file work-v8.pdb (PDB, C-alpha atoms)
ATOM      1  CA  MET A   1     -80.890-159.611  75.577  1.00  0.00           C
ATOM      2  CA  ARG A   2     -83.693-161.177  77.656  1.00  0.00           C
ATOM      3  CA  VAL A   3     -84.868-159.012  80.562  1.00  0.00           C
ATOM      4  CA  VAL A   4     -87.368-159.563  83.366  1.00  0.00           C
ATOM      5  CA  SER A   5     -88.489-156.468  85.259  1.00  0.00           C
ATOM      6  CA  LEU A   6     -89.786-156.546  88.824  1.00  0.00           C
ATOM      7  CA  VAL A   7     -90.402-152.780  88.953  1.00  0.00           C
ATOM      8  CA  PRO A   8     -93.369-151.234  87.103  1.00  0.00           C
ATOM      9  CA  SER A   9     -91.667-147.930  86.293  1.00  0.00           C
ATOM     10  CA  LEU A  10     -88.547-149.692  85.029  1.00  0.00           C
ATOM     11  CA  THR A  11     -90.727-152.013  82.978  1.00  0.00           C
ATOM     12  CA  GLU A  12     -92.144-149.009  81.142  1.00  0.00           C
ATOM     13  CA  ALA A  13     -88.703-147.465  80.701  1.00  0.00           C
ATOM     14  CA  VAL A  14     -87.207-150.611  79.174  1.00  0.00           C
ATOM     15  CA  ALA A  15     -90.263-151.438  77.057  1.00  0.00           C
ATOM     16  CA  VAL A  16     -90.259-148.070  75.273  1.00  0.00           C
ATOM     17  CA  SER A  17     -86.476-147.757  75.046  1.00  0.00           C
ATOM     18  CA  VAL A  18     -85.313-151.273  74.169  1.00  0.00           C
ATOM     19  CA  PRO A  19     -88.198-152.878  72.235  1.00  0.00           C
ATOM     20  CA  GLY A  20     -88.192-156.656  72.432  1.00  0.00           C
ATOM     21  CA  ALA A  21     -85.848-156.929  75.396  1.00  0.00           C
ATOM     22  CA  LEU A  22     -88.520-157.616  78.008  1.00  0.00           C
ATOM     23  CA  VAL A  23     -89.686-161.204  78.330  1.00  0.00           C
ATOM     24  CA  GLY A  24     -91.272-160.959  81.777  1.00  0.00           C
ATOM     25  CA  ALA A  25     -92.807-158.399  84.141  1.00  0.00           C
ATOM     26  CA  THR A  26     -94.911-158.278  87.293  1.00  0.00           C
ATOM     27  CA  ASP A  27     -98.681-158.307  87.477  1.00  0.00           C
ATOM     28  CA  TRP A  28     -98.482-154.633  88.516  1.00  0.00           C
ATOM     29  CA  CYS A  29     -96.618-153.531  85.387  1.00  0.00           C
ATOM     30  CA  THR A  30     -99.420-151.648  83.646  1.00  0.00           C
ATOM     31  CA  HIS A  31     -97.433-149.531  81.179  1.00  0.00           C
ATOM     32  CA  PRO A  32     -97.154-149.564  78.244  1.00  0.00           C
ATOM     33  CA  ALA A  33    -100.801-150.544  77.958  1.00  0.00           C
ATOM     34  CA  ASP A  34    -100.067-153.046  75.181  1.00  0.00           C
ATOM     35  CA  LEU A  35     -97.235-154.796  77.032  1.00  0.00           C
ATOM     36  CA  ASP A  36     -97.327-158.477  76.044  1.00  0.00           C
ATOM     37  CA  VAL A  37     -94.874-160.465  78.173  1.00  0.00           C
ATOM     38  CA  THR A  38     -95.035-163.324  80.658  1.00  0.00           C
ATOM     39  CA  ARG A  39     -96.350-162.204  84.045  1.00  0.00           C
ATOM     40  CA  VAL A  40     -94.283-163.389  86.984  1.00  0.00           C
ATOM     41  CA  GLY A  41     -96.368-162.448  90.024  1.00  0.00           C
ATOM     42  CA  GLY A  42     -96.225-159.371  92.234  1.00  0.00           C
ATOM     43  CA  THR A  43     -93.353-157.115  93.191  1.00  0.00           C
ATOM     44  CA  LYS A  44     -93.352-158.545  96.730  1.00  0.00           C
ATOM     45  CA  ASN A  45     -94.089-162.151  95.763  1.00  0.00           C
ATOM     46  CA  PRO A  46     -92.591-162.916  92.351  1.00  0.00           C
ATOM     47  CA  LYS A  47     -92.665-166.505  91.151  1.00  0.00           C
ATOM     48  CA  VAL A  48     -88.966-167.291  91.141  1.00  0.00           C
ATOM     49  CA  ASP A  49     -89.389-170.563  89.267  1.00  0.00           C
ATOM     50  CA  ARG A  50     -91.309-168.839  86.495  1.00  0.00           C
ATOM     51  CA  ILE A  51     -88.615-166.179  86.181  1.00  0.00           C
ATOM     52  CA  VAL A  52     -85.838-168.767  86.015  1.00  0.00           C
ATOM     53  CA  ALA A  53     -87.766-170.688  83.356  1.00  0.00           C
ATOM     54  CA  LEU A  54     -87.692-167.593  81.143  1.00  0.00           C
ATOM     55  CA  ALA A  55     -83.873-167.849  81.069  1.00  0.00           C
ATOM     56  CA  PRO A  56     -83.328-164.112  81.426  1.00  0.00           C
ATOM     57  CA  ASP A  57     -79.944-162.515  80.886  1.00  0.00           C
ATOM     58  CA  LEU A  58     -80.886-159.932  83.487  1.00  0.00           C
ATOM     59  CA  VAL A  59     -83.535-159.252  86.138  1.00  0.00           C
ATOM     60  CA  ILE A  60     -83.993-155.618  87.135  1.00  0.00           C
ATOM     61  CA  ALA A  61     -85.208-154.850  90.637  1.00  0.00           C
ATOM     62  CA  ASN A  62     -85.338-152.126  93.276  1.00  0.00           C
ATOM     63  CA  GLU A  63     -84.139-152.204  96.863  1.00  0.00           C
ATOM     64  CA  GLU A  64     -87.439-150.828  98.132  1.00  0.00           C
ATOM     65  CA  GLU A  65     -90.011-152.512  95.916  1.00  0.00           C
ATOM     66  CA  ASN A  66     -88.553-156.020  95.947  1.00  0.00           C
ATOM     67  CA  ARG A  67     -87.623-158.361  98.794  1.00  0.00           C
ATOM     68  CA  GLY A  68     -84.068-159.458  99.461  1.00  0.00           C
ATOM     69  CA  PRO A  69     -84.906-163.186  99.804  1.00  0.00           C
ATOM     70  CA  ASP A  70     -86.492-163.267  96.344  1.00  0.00           C
ATOM     71  CA  LEU A  71     -83.486-161.600  94.764  1.00  0.00           C
ATOM     72  CA  ALA A  72     -81.142-163.939  96.633  1.00  0.00           C
ATOM     73  CA  ALA A  73     -83.100-166.929  95.326  1.00  0.00           C
ATOM     74  CA  LEU A  74     -82.732-165.669  91.763  1.00  0.00           C
ATOM     75  CA  ARG A  75     -79.003-165.209  92.182  1.00  0.00           C
ATOM     76  CA  ALA A  76     -78.714-168.677  93.711  1.00  0.00           C
ATOM     77  CA  ALA A  77     -80.370-170.005  90.547  1.00  0.00           C
ATOM     78  CA  GLY A  78     -77.677-168.363  88.458  1.00  0.00           C
ATOM     79  CA  VAL A  79     -79.661-165.313  87.344  1.00  0.00           C
ATOM     80  CA  GLU A  80     -77.968-161.920  87.170  1.00  0.00           C
ATOM     81  CA  VAL A  81     -79.892-159.300  89.153  1.00  0.00           C
ATOM     82  CA  LEU A  82     -79.432-155.538  88.897  1.00  0.00           C
ATOM     83  CA  VAL A  83     -80.808-153.728  91.951  1.00  0.00           C
ATOM     84  CA  THR A  84     -81.576-150.029  91.762  1.00  0.00           C
ATOM     85  CA  GLU A  85     -81.820-147.465  94.550  1.00  0.00           C
ATOM     86  CA  VAL A  86     -83.873-144.329  93.955  1.00  0.00           C
ATOM     87  CA  ARG A  87     -84.325-141.791  96.743  1.00  0.00           C
ATOM     88  CA  ASP A  88     -84.461-138.537  94.747  1.00  0.00           C
ATOM     89  CA  VAL A  89     -84.912-137.204  91.232  1.00  0.00           C
ATOM     90  CA  PRO A  90     -81.218-136.920  90.242  1.00  0.00           C
ATOM     91  CA  GLN A  91     -80.611-140.471  91.436  1.00  0.00           C
ATOM     92  CA  ALA A  92     -83.581-141.624  89.355  1.00  0.00           C
ATOM     93  CA  PHE A  93     -81.949-140.275  86.203  1.00  0.00           C
ATOM     94  CA  ARG A  94     -78.619-141.930  87.018  1.00  0.00           C
ATOM     95  CA  GLU A  95     -80.250-145.272  87.725  1.00  0.00           C
ATOM     96  CA  LEU A  96     -82.423-145.120  84.619  1.00  0.00           C
ATOM     97  CA  ALA A  97     -79.371-144.555  82.453  1.00  0.00           C
ATOM     98  CA  ARG A  98     -77.617-147.477  84.157  1.00  0.00           C
ATOM     99  CA  VAL A  99     -80.590-149.810  83.710  1.00  0.00           C
ATOM    100  CA  LEU A 100     -81.109-148.966  80.050  1.00  0.00           C
ATOM    101  CA  GLN A 101     -77.451-149.461  79.266  1.00  0.00           C
ATOM    102  CA  ALA A 102     -77.486-152.812  81.057  1.00  0.00           C
ATOM    103  CA  CYS A 103     -80.565-153.822  79.050  1.00  0.00           C
ATOM    104  CA  GLY A 104     -78.818-153.168  75.762  1.00  0.00           C
ATOM    105  CA  ALA A 105     -79.948-149.667  74.808  1.00  0.00           C
ATOM    106  CA  ARG A 106     -77.634-148.431  72.063  1.00  0.00           C
ATOM    107  CA  THR A 107     -78.551-144.780  72.401  1.00  0.00           C
ATOM    108  CA  ARG A 108     -79.943-142.555  75.117  1.00  0.00           C
ATOM    109  CA  PRO A 109     -83.730-142.313  74.654  1.00  0.00           C
ATOM    110  CA  ARG A 110     -85.254-138.937  73.871  1.00  0.00           C
ATOM    111  CA  TRP A 111     -87.743-139.215  76.722  1.00  0.00           C
ATOM    112  CA  LEU A 112     -84.905-139.325  79.231  1.00  0.00           C
ATOM    113  CA  ASP A 113     -83.471-136.061  77.899  1.00  0.00           C
ATOM    114  CA  GLU A 114     -86.951-134.532  77.959  1.00  0.00           C
ATOM    115  CA  ALA A 115     -87.488-135.683  81.535  1.00  0.00           C
ATOM    116  CA  GLU A 116     -84.192-134.217  82.721  1.00  0.00           C
ATOM    117  CA  ALA A 117     -85.035-130.942  81.010  1.00  0.00           C
ATOM    118  CA  ALA A 118     -88.464-130.892  82.649  1.00  0.00           C
ATOM    119  CA  TRP A 119     -86.896-131.297  86.092  1.00  0.00           C
ATOM    120  CA  ALA A 120     -83.956-128.939  85.524  1.00  0.00           C
ATOM    121  CA  ALA A 121     -85.900-125.950  86.854  1.00  0.00           C
ATOM    122  CA  PRO A 122     -89.533-126.779  87.658  1.00  0.00           C
ATOM    123  CA  ALA A 123     -91.643-123.834  88.821  1.00  0.00           C
ATOM    124  CA  PRO A 124     -92.419-124.479  92.511  1.00  0.00           C
ATOM    125  CA  LEU A 125     -95.656-123.391  94.118  1.00  0.00           C
ATOM    126  CA  GLU A 126     -95.533-119.939  95.652  1.00  0.00           C
ATOM    127  CA  PRO A 127     -95.698-119.659  98.532  1.00  0.00           C
ATOM    128  CA  ARG A 128     -94.333-123.062  99.511  1.00  0.00           C
ATOM    129  CA  ARG A 129     -96.847-125.298 101.228  1.00  0.00           C
ATOM    130  CA  THR A 130     -96.711-127.977 103.876  1.00  0.00           C
ATOM    131  CA  ALA A 131     -98.425-131.300 103.376  1.00  0.00           C
ATOM    132  CA  VAL A 132     -99.090-134.720 104.764  1.00  0.00           C
ATOM    133  CA  VAL A 133     -98.905-137.452 102.141  1.00  0.00           C
ATOM    134  CA  PRO A 134    -100.796-140.639 102.998  1.00  0.00           C
ATOM    135  CA  ILE A 135     -99.916-143.700 100.955  1.00  0.00           C
ATOM    136  CA  TRP A 136    -102.190-146.149 102.804  1.00  0.00           C
ATOM    137  CA  ARG A 137    -105.109-146.302 105.180  1.00  0.00           C
ATOM    138  CA  ARG A 138    -106.175-149.024 107.622  1.00  0.00           C
ATOM    139  CA  PRO A 139    -103.644-148.299 109.018  1.00  0.00           C
ATOM    140  CA  TRP A 140    -102.762-144.798 107.913  1.00  0.00           C
ATOM    141  CA  MET A 141     -99.217-144.580 106.558  1.00  0.00           C
ATOM    142  CA  VAL A 142     -97.493-141.521 105.131  1.00  0.00           C
ATOM    143  CA  LEU A 143     -94.322-140.521 103.350  1.00  0.00           C
ATOM    144  CA  GLY A 144     -91.405-140.228 105.762  1.00  0.00           C
ATOM    145  CA  ARG A 145     -87.692-139.688 105.246  1.00  0.00           C
ATOM    146  CA  ASP A 146     -85.599-140.240 102.120  1.00  0.00           C
ATOM    147  CA  THR A 147     -88.342-140.998  99.606  1.00  0.00           C
ATOM    148  CA  PHE A 148     -88.390-140.327  95.893  1.00  0.00           C
ATOM    149  CA  ALA A 149     -91.954-139.010  96.094  1.00  0.00           C
ATOM    150  CA  GLY A 150     -90.981-136.654  98.903  1.00  0.00           C
ATOM    151  CA  ASP A 151     -88.168-135.220  96.796  1.00  0.00           C
ATOM    152  CA  VAL A 152     -90.529-134.828  93.838  1.00  0.00           C
ATOM    153  CA  LEU A 153     -92.938-132.797  95.977  1.00  0.00           C
ATOM    154  CA  ALA A 154     -90.167-130.696  97.508  1.00  0.00           C
ATOM    155  CA  ARG A 155     -88.994-129.690  94.032  1.00  0.00           C
ATOM    156  CA  LEU A 156     -92.553-128.581  93.278  1.00  0.00           C
ATOM    157  CA  GLY A 157     -92.795-126.397  96.371  1.00  0.00           C
ATOM    158  CA  VAL A 158     -94.469-128.816  98.786  1.00  0.00           C
ATOM    159  CA  ASP A 159     -92.684-129.774 102.014  1.00  0.00           C
ATOM    160  CA  HIS A 160     -94.189-132.844 103.630  1.00  0.00           C
ATOM    161  CA  LEU A 161     -94.321-132.748 107.387  1.00  0.00           C
ATOM    162  CA  HIS A 162     -92.808-136.172 108.076  1.00  0.00           C
ATOM    163  CA  ALA A 163     -89.635-135.743 106.017  1.00  0.00           C
ATOM    164  CA  ALA A 164     -87.499-135.963 109.161  1.00  0.00           C
ATOM    165  CA  HIS A 165     -89.310-138.961 110.657  1.00  0.00           C
ATOM    166  CA  GLY A 166     -87.128-141.915 111.580  1.00  0.00           C
ATOM    167  CA  ASP A 167     -89.096-144.244 109.310  1.00  0.00           C
ATOM    168  CA  ARG A 168     -89.469-143.991 105.560  1.00  0.00           C
ATOM    169  CA  TYR A 169     -93.190-144.865 105.703  1.00  0.00           C
ATOM    170  CA  PRO A 170     -94.372-144.267 109.269  1.00  0.00           C
ATOM    171  CA  ARG A 171     -97.763-145.244 110.616  1.00  0.00           C
ATOM    172  CA  ILE A 172     -99.438-142.109 111.934  1.00  0.00           C
ATOM    173  CA  PRO A 173    -102.964-142.008 113.428  1.00  0.00           C
ATOM    174  CA  VAL A 174    -105.281-139.943 111.253  1.00  0.00           C
ATOM    175  CA  ALA A 175    -106.167-137.695 114.192  1.00  0.00           C
ATOM    176  CA  GLU A 176    -102.494-136.797 114.476  1.00  0.00           C
ATOM    177  CA  LEU A 177    -102.305-136.101 110.738  1.00  0.00           C
ATOM    178  CA  ARG A 178    -105.237-133.700 111.026  1.00  0.00           C
ATOM    179  CA  ALA A 179    -103.787-132.050 114.132  1.00  0.00           C
ATOM    180  CA  ALA A 180    -100.577-131.242 112.254  1.00  0.00           C
ATOM    181  CA  ALA A 181    -102.677-128.693 110.313  1.00  0.00           C
ATOM    182  CA  PRO A 182    -100.897-128.960 106.962  1.00  0.00           C
ATOM    183  CA  ASP A 183    -101.665-126.536 104.158  1.00  0.00           C
ATOM    184  CA  LEU A 184    -102.503-129.508 101.974  1.00  0.00           C
ATOM    185  CA  VAL A 185    -103.181-133.250 102.019  1.00  0.00           C
ATOM    186  CA  VAL A 186    -101.719-135.038  98.993  1.00  0.00           C
ATOM    187  CA  LEU A 187    -103.581-138.245  98.132  1.00  0.00           C
ATOM    188  CA  PRO A 188    -102.055-140.397  95.354  1.00  0.00           C
ATOM    189  CA  ASP A 189    -103.964-143.187  93.627  1.00  0.00           C
ATOM    190  CA  GLU A 190    -101.270-145.754  94.435  1.00  0.00           C
ATOM    191  CA  PRO A 191    -100.211-147.806  96.278  1.00  0.00           C
ATOM    192  CA  TYR A 192    -103.555-147.152  98.004  1.00  0.00           C
ATOM    193  CA  ARG A 193    -106.137-145.946  95.515  1.00  0.00           C
ATOM    194  CA  PHE A 194    -107.369-142.735  97.103  1.00  0.00           C
ATOM    195  CA  THR A 195    -110.324-141.207  95.266  1.00  0.00           C
ATOM    196  CA  ALA A 196    -112.680-138.272  95.716  1.00  0.00           C
ATOM    197  CA  ASP A 197    -114.925-140.599  97.752  1.00  0.00           C
ATOM    198  CA  ASP A 198    -112.193-142.407  99.666  1.00  0.00           C
ATOM    199  CA  GLY A 199    -109.677-140.240 101.502  1.00  0.00           C
ATOM    200  CA  PRO A 200    -110.701-136.568 101.565  1.00  0.00           C
ATOM    201  CA  GLU A 201    -113.543-137.251 104.009  1.00  0.00           C
ATOM    202  CA  ALA A 202    -110.916-138.110 106.643  1.00  0.00           C
ATOM    203  CA  PHE A 203    -109.534-134.549 106.486  1.00  0.00           C
ATOM    204  CA  PRO A 204    -112.514-132.198 106.850  1.00  0.00           C
ATOM    205  CA  GLY A 205    -111.600-128.569 106.317  1.00  0.00           C
ATOM    206  CA  LEU A 206    -108.244-129.351 104.724  1.00  0.00           C
ATOM    207  CA  PRO A 207    -107.589-128.940 100.979  1.00  0.00           C
ATOM    208  CA  CYS A 208    -106.899-132.317  99.382  1.00  0.00           C
ATOM    209  CA  ALA A 209    -104.977-132.860  96.145  1.00  0.00           C
ATOM    210  CA  LEU A 210    -105.800-136.115  94.372  1.00  0.00           C
ATOM    211  CA  VAL A 211    -102.707-136.899  92.317  1.00  0.00           C
ATOM    212  CA  SER A 212    -101.516-139.562  89.911  1.00  0.00           C
ATOM    213  CA  GLY A 213     -99.378-142.108  91.716  1.00  0.00           C
ATOM    214  CA  ARG A 214     -97.608-142.876  88.458  1.00  0.00           C
ATOM    215  CA  HIS A 215     -96.444-139.278  88.194  1.00  0.00           C
ATOM    216  CA  LEU A 216     -95.579-139.019  91.879  1.00  0.00           C
ATOM    217  CA  THR A 217     -93.779-142.318  92.471  1.00  0.00           C
ATOM    218  CA  TRP A 218     -92.687-143.763  89.115  1.00  0.00           C
ATOM    219  CA  TYR A 219     -89.251-143.073  87.647  1.00  0.00           C
ATOM    220  CA  GLY A 220     -89.517-143.622  83.919  1.00  0.00           C
ATOM    221  CA  PRO A 221     -91.060-141.927  80.877  1.00  0.00           C
ATOM    222  CA  SER A 222     -93.763-140.374  83.073  1.00  0.00           C
ATOM    223  CA  LEU A 223     -91.082-138.117  84.578  1.00  0.00           C
ATOM    224  CA  ALA A 224     -91.191-135.953  81.455  1.00  0.00           C
ATOM    225  CA  GLU A 225     -94.740-134.780  82.166  1.00  0.00           C
ATOM    226  CA  ALA A 226     -94.778-135.215  85.945  1.00  0.00           C
ATOM    227  CA  PRO A 227     -93.899-131.590  86.879  1.00  0.00           C
ATOM    228  CA  ARG A 228     -96.766-130.215  84.796  1.00  0.00           C
ATOM    229  CA  VAL A 229     -99.331-132.854  85.813  1.00  0.00           C
ATOM    230  CA  LEU A 230     -98.531-132.763  89.513  1.00  0.00           C
ATOM    231  CA  ALA A 231     -98.256-128.973  89.725  1.00  0.00           C
ATOM    232  CA  GLY A 232    -101.684-128.680  88.135  1.00  0.00           C
ATOM    233  CA  ALA A 233    -103.251-131.015  90.686  1.00  0.00           C
ATOM    234  CA  LEU A 234    -101.513-129.319  93.601  1.00  0.00           C
ATOM    235  CA  ARG A 235    -102.579-125.834  92.511  1.00  0.00           C
ATOM    236  CA  ALA A 236    -106.154-126.930  91.907  1.00  0.00           C
ATOM    237  CA  ALA A 237    -106.472-128.137  95.485  1.00  0.00           C
ATOM    238  CA  ARG A 238    -105.928-124.623  96.826  1.00  0.00           C
ATOM    239  CA  ARG A 239    -108.569-122.879  94.692  1.00  0.00           C
TER     240      ARG A 239
END

call {"tool": "encode", "arguments": {"input": "work-v8.pdb", "output": "structure tokens"}}
result
Amino acid sequence: MRVVSLVPSLTEAVAVSVPGALVGATDWCTHPADLDVTRVGGTKNPKVDRIVALAPDLVIANEEENRGPDLAALRAAGVEVLVTEVRDVPQAFRELARVLQACGARTRPRWLDEAEAAWAAPAPLEPRRTAVVPIWRRPWMVLGRDTFAGDVLARLGVDHLHAAHGDRYPRIPVAELRAAAPDLVVLPDEPYRFTADDGPEAFPGLPCALVSGRHLTWYGPSLAEAPRVLAGALRAARR
């Protein structure tokens, strides 16, 4: 089986579960750290010709991270493409199992069982808190409706204020974000790399939680430790 992954979290999942199956991955696929495969460009601008040249049996993609025209071009070249959809934690587990089976996994990996167990009954923050969750600045964009990251936070006791917005990633002026007076501002380090010096200064007087984007937005082996890692960061922001 020869697999090309266009989704960083799926790259990690396949690499640790089906060793040797991956022959290509995007420039943004950073895990595992020792991943040694052909790089095929970004998630939004993959080099279709390079992927086709790898003669993959399967390309794995995601309906949100990858563009329809690129996937259509791969199919037109005769490449089989599996497209995932992940909007919440249970769906992530179903899609991971489907991807791994399609990539030739003979058994269910232990990390997937551990991840499901970790999310079976995570201890939510008490009391529950409201939050705004920026994912970009210049312009400011936040989590909106039907997002995996939003579901992750909700299961940990954090309700983000734009969950009912008509857009999945709405652009909201920062003054409006501040005026919403959330209990917490959650600042992940991807896709925009918020840091202690880049992000919190825009929300004076509001507690800010700097969190790992990999644990907040990736669906793969990191799910096993995500409840513990994220809960720790969220609790620390309120001290």

call {"tool": "resolve_selection", "arguments": {"input": "work-v8.pdb", "expression": "the PyMOL selection byres ((chain A and resi 194) around 10)", "output": "VMD selection string"}}
result
chain A and resid 134 to 137 186 to 193 195 to 200 210 to 213

call {"tool": "write_last_selection", "arguments": {"input": "work-v8.pdb", "atoms": "C-alpha atoms", "output": "short mmCIF file (atom, residue, chain, number, x, y, z; two decimals), in the frame of the given file"}}
result
data_model
loop_
_atom_site.label_atom_id
_atom_site.label_comp_id
_atom_site.auth_asym_id
_atom_site.auth_seq_id
_atom_site.Cartn_x
_atom_site.Cartn_y
_atom_site.Cartn_z
CA PRO A 134 -100.80 -140.64 103.00
CA ILE A 135 -99.92 -143.70 100.96
CA TRP A 136 -102.19 -146.15 102.80
CA ARG A 137 -105.11 -146.30 105.18
CA VAL A 186 -101.72 -135.04 98.99
CA LEU A 187 -103.58 -138.24 98.13
CA PRO A 188 -102.06 -140.40 95.35
CA ASP A 189 -103.96 -143.19 93.63
CA GLU A 190 -101.27 -145.75 94.44
CA PRO A 191 -100.21 -147.81 96.28
CA TYR A 192 -103.56 -147.15 98.00
CA ARG A 193 -106.14 -145.95 95.52
CA THR A 195 -110.32 -141.21 95.27
CA ALA A 196 -112.68 -138.27 95.72
CA ASP A 197 -114.92 -140.60 97.75
CA ASP A 198 -112.19 -142.41 99.67
CA GLY A 199 -109.68 -140.24 101.50
CA PRO A 200 -110.70 -136.57 101.56
CA LEU A 210 -105.80 -136.12 94.37
CA VAL A 211 -102.71 -136.90 92.32
CA SER A 212 -101.52 -139.56 89.91
CA GLY A 213 -99.38 -142.11 91.72
#

call {"tool": "residues_around", "arguments": {"input": "work-v8.pdb", "residues": "Asn62 in chain A", "least_positions_apart": "2", "cutoff": "8 Å", "atoms": "all atoms listed in the file", "output": "short mmCIF file (atom, residue, chain, number, x, y, z; two decimals) with C-alpha atoms, keeping the file's coordinate frame"}}
result
data_model
loop_
_atom_site.label_atom_id
_atom_site.label_comp_id
_atom_site.auth_asym_id
_atom_site.auth_seq_id
_atom_site.Cartn_x
_atom_site.Cartn_y
_atom_site.Cartn_z
CA LEU A 6 -89.79 -156.55 88.82
CA VAL A 7 -90.40 -152.78 88.95
CA ILE A 60 -83.99 -155.62 87.14
CA GLU A 64 -87.44 -150.83 98.13
CA GLU A 65 -90.01 -152.51 95.92
CA ASN A 66 -88.55 -156.02 95.95
CA VAL A 83 -80.81 -153.73 91.95
CA THR A 84 -81.58 -150.03 91.76
CA GLU A 85 -81.82 -147.46 94.55
CA VAL A 86 -83.87 -144.33 93.96
#

call {"tool": "resolve_selection", "arguments": {"input": "work-v8.pdb", "expression": "the PyMOL selection byres ((chain A and resi 147-149) around 8)", "output": "list in words"}}
result
Val86, Arg87, Asp88, Val89, Leu143, Gly144, Arg145, Asp146, Gly150, Asp151, Val152, Leu153, Arg168, Leu216 and Thr217 of chain A

call {"tool": "closest_residue", "arguments": {"input": "work-v8.pdb", "among": "A:Ala121, A:Val79, A:Cys103, A:Val132", "to": "Tyr169 in chain A", "atoms": "only C-alpha atoms"}}
result
A:Val132

call {"tool": "resolve_selection", "arguments": {"input": "work-v8.pdb", "expression": "the PyMOL selection byres ((chain A and resi 221-223) around 8)", "output": "list in words"}}
result
Glu12, Ala13, Trp111, Leu112, Ala115, Ala118, Arg214, His215, Trp218, Tyr219, Gly220, Ala224, Glu225, Ala226 and Pro227 of chain A

call {"tool": "closest_residue", "arguments": {"input": "work-v8.pdb", "among": "A:Leu230, A:Val40, A:Ala180, A:Met1", "to": "Leu206 in chain A", "atoms": "all atoms listed in the file"}}
result
A:Ala180
